[in-house]
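Student: Could you have a look at this structure, given as structure tokens, before my questions?
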Amino acid sequence: MKFLQNKFDQIKPLFEKGGKFEKFHTIYEGHRTIFFAPDIITGKKGTQIKDATDLKRLMFTVIIAMIPCLIFGMWNVGHQHFIATGVEASILDKFWIGILKVVPIMVVSYGVGLLTEFIFCVIYNRPIEEGFLVSGMLIPLIMPATIPLWQVAMATVFAVVIGKEVFGGTGMNILNVALTARVFLYFAYPSQISGDVWTYLGDKTPVDAFSGATILAYGAEAAANGTNMMQLASNHWYAGMFDFWNMFIGIIPGSIGETSVLMCLIGAFILIVTGVGSWKIMLSVILGTLAMGGLFNLTGGNSFMEMPAHYHLVIGGLAFGAVFMATDPVSASHTELGKWIYGFLIGVITVLIRVVNPAYPEGIMLAILFMNVFAPLIDFYVVEANKKRRLKRATV
Amino acid sequence: MSQTIKLKKGFDINLAGKAENKTIEVTQPDTFALKPTDFSGLSRPKLVVKEGDNVKAGSPVFFERNVEDILYTSPVSGEIVEIKRAEKRKVLEVKILADKQVEFEKFKAYAASEISNLSKEDALEQLKKSGGWTNIIQRPYGCVANPEDSPKSIFISTFDSSPLAPDYSYVLQGQEQYFQAGIEVLNKFTAGTVHLNVDGKAEVSQLFSNTKNVQLNNINGPHPAGNVGVQIHHIDPIAKGDIVWTVNPVGVAIIGKLFIEGIYDTSRLVALTGSQLKERGYAKMYSGACLNKLVVEGDDNRFISGNVLSGEGVGSEGYLGNYHNQVTVIPEGKYEEFLGWIMPSTKKLSFHKAFGMLTFLNGKDKEFQVDTNTHGEERNFVISGAFEEVMPMDILPTYLFKAIMAEDYDDMEALGIYEVIEEDVALCEFIDISKNPLQEILREGIELIKEG
């Protein structure tokens, strides 16, 4: 690797003080540190040795945990396309369609996001941070395959600038960056991210009986018009689509990466084993969902309220949100007790939004953003309790 | 009532280069140094010697302005050869060219039986003028204690859980009499208890278990269980307004010897550790000894006075710190590593288990080779809850650091800044993936709150 090192050394003077591209120093460093862990040594005071893990490795672990969702999502985009158009296709054909739709969205998300990030790093002369590596992957996974690329670009810029950079960069943001992107589209361009957008048809005509409705749409209809949701779901044009286990595996229309609970569980396993994602948050989201869903089961009212509580775990993006979004260490609660409360309330609010407010069929996104805003408040009370314990001992 | 404390949180760092239980001969260096910077909170030292003066071991070298009776004294006899200063004439080092045979300043010697009857005033007088007092550290702040305070208790941790730390039962062997005498002297200064804390995981040396007039507590857990701050937190925590004193066991023996022999003798067995040292074991050294006589392997090494977590890189021509009983020599880490941030490895030392960091696959006995590479750049705090896992105290480290950075005095106080000093957050700094200088941040906070 001497060759690469030499190449970097060769262009280094250009980026040093007085060099032609002095301003872009941070971009040079950013790229060099991708290839080579830097040759920085510890100071004379403070710890003389440092742990071998850095933020890059932590962030990359999250990306690896998302890969099962990404691969399954690519296949599922193709699969949904072919069943909607009534064409028999091989697994490779399905992947090919998926790749054609998903890769451009990823390229736009990463390209636009990193460019925005670089511009801010150059302006404020601060190091390029790794946070966007995760956000750039999350954004495509929570978009429908049919999303126009220019909207992805707009949403990404909005999320990076308003969601993160104005607060001071990675580690300082209040809201989850990827969810900020999605919520931006949700309110700015609702017609491309809600309704019948979840199945990519392209220029093909769908089969006669086709309907792009998701089970959440049936739920919303049930809540609004008093129809029987489970009956609608079982009469779906494609038989067995909304069976519990089919939804668990994730062979349903939805955002690219968030349909499969199974793949999310693989991701959760990776995050928990590596200690990168908080199991407390994941578990408490599930508990909150079951508690609120169970409560609605008891009260009854309409067929959505009566839907068995565990169905909430496999429909919509709840699993994906619980595993990859709620656990974002920056925007989640920071205290250990706070994590339990934060996660539990995400579960509760998700079910509330889904069942009680049919205008927003997908509750998890808003629930997480809502709790992102409240996380500092939860932490505030946990920290106050710690202070009070200490104060009790004081004599003066 | 002796207490047993079991701690779960923490992390034992097992490094290559332990000191063998043997005493090795190291050539006595030519120069020694007394460094005002070794004493936390000492800001305006006033010298009482000038270059060319002759001193004996125990002769005054400087004192803190306005605290003229607590003297900081020379560890050896010889000639003051250099007074090294920084900007604004701040004194960095007072260098002493040592005599071949160390001569001691004579203080009053007592028979062991007389010490318990000695008055507090007489004991204080002897401690202050000999330099012995500087072994007594106060919490909060971790600075030399103020003799006018009456601490609610005094804590002595008889074991060091830091990486490659010395074994005090080996260091103090044969000094039972001095150690007991030191305890008797300390007992005069508190109406409360003198706590002697022993390692619950190891066999306790009789040297400590037979010590009288102390409360013997068992502390069981991974590092930082040996840190006296952690022990205080669980046994007799410090609230606002409380004062607790701490003394290193070597300091206790030095104080005892001062009263029994009438000399201020800072020589102690120092653990010579680290992968780069040719011979590892214990060597008799006076405090402030120059490290240039140590034989090492390789050219580019970090000479650390103290341990790798809270020690100081002093350089190969540097000096043993006043309070340090250990020298660690490890290689410097100034190299780039191709894809070092993601390559899987079982050889790298990490508390975390992020992708490819397979440290945990090694058994408990695996000894790690480490260097001074930071393995990454400094970043904003990204809270992962890891600090809490290595902090066996009811303290929220992240919030405390943020309060310090925001210079929020009320919060610093409420979040427990009185209970910690640098070594207590050293593990947090080690495992911090954002590579922030947490010990430095804490010291800034302590100085703020001390002044404010």
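Chain labels run A, B, ... following the order of the structure tokens; each chain numbers its residues from 1, and ligands are numbered from 1 in the order shown.
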Hey, list the chain A side of the contact with chain B: 8 Å cut-off, only C-alpha atoms, answer as a PyMOL selection string.

Tutor: chain A and resi 1+34-58+60-61+129+170-172+273-276+329-330+334-336+383+386-388+390-391+393-396

Student: Determine which residues of range 181-286 of chain B receive a DSSP assignment of strand (DSSP E), computed from the backbone, and state them as an MDAnalysis selection string.

Tutor: chainID B and resid 193:199 215:220 244:246 268:273 281:285

Student: When you draw a straight line from CA of Leu164 in chain B to CA of Phe368 in chain B, how long is it in Å?

Tutor: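 Computing the Euclidean distance for CA of Leu164 in chain B and CA of Phe368 in chain B yields 11.2 Å.
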
Student: Would you kindly return, as a ChimeraX atom specification, each protein, DNA or RNA residue with an atom no farther than 8 Å from any atom of Ile97 in chain A, considering only C-alpha atoms and excluding same-chain residues fewer than 6 positions away?

Tutor: /A:74-75,77-78

Student: Calculated over only C-alpha atoms, which of the candidates A:Ser211, A:Met106, A:His312, A:Ser331 has the smallest distance to Gly131 in chain A?

Tutor: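 The answer is A:Ser331, which sits nearest to Gly131 in chain A.
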
Student: Near Asp53 in chain B, within 12 Å and counting only C-alpha atoms, which residues show up once chain neighbours fewer than 5 positions away are dropped, as a list in words?

Tutor: Leu47, Val48, Ser59, Pro60, Val61, Ser74, Ser77, Gly78, Glu79, Ile80, Val81, Glu82, Ile83, Val94, Lys95, Ile96 and Leu97 of chain B

Student: I need the residue nearest Trp237 in chain A from this list: A:Pro68, A:Gly86, A:Gly163, A:Gly316. Use only C-alpha atoms for the distance.

Tutor: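 Result for the nearest residue to Trp237 in chain A: A:Gly86.
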
Student: Which residue is closest to Asp99 in chain B? Choose from B:Asp265, B:Glu203, B:Asp30, B:Glu25 and count only C-alpha atoms.

Tutor: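 Selected residue with least distance to Asp99 in chain B: B:Asp30.
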
Student: Residues within 10 Å of range 223-229 of chain A, please, as number ranges by chain. Count only C-alpha atoms; anything in the same chain fewer than 2 positions from it doesn't count.

Tutor: A: 215-221, 231-235, 301-307, 354-359

Student: Could you tell me which of A:Asp328, A:Pro308, A:Ile249, A:Ile123 comes closest to Met263 in chain A if we count only C-alpha atoms?

Tutor: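 Nearest candidate to Met263 in chain A out of A:Asp328, A:Pro308, A:Ile249, A:Ile123: A:Ile249.
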
Student: Among the residues of range 229-277 of chain B, find those DSSP assigns to helix (DSSP H, G or I) from the backbone and print them as a list in words.

Tutor: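 Checking each residue of range 229-277 of chain B, the helix (DSSP H, G or I) ones are Gly229, Val230, Gln231, Ile232, His233, His234, Ile235, Pro249, Val250, Gly251, Val252, Ala253, Ile254, Ile255, Gly256, Lys257, Leu258, Phe259 and Ile260 of chain B.
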
Student: Let me make sure I understand: among A:Thr146, A:Ser333, A:Thr156, A:Gln151, which one has the smallest atom-to-atom distance to Asp196 in chain A if we use only C-alpha atoms?

Tutor: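 Looking only at the distances to Asp196 in chain A, the closest residue turns out to be A:Thr146.
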
Student: Considering only C-alpha atoms, return as a PyMOL selection string whatever protein or nucleic-acid residues lie within 9 Å of Ala181 in chain A, sequence-local ones (same chain, fewer than 3 positions apart) excluded.

Tutor: chain A and resi 139+152+154-160+163+176-178+184-186
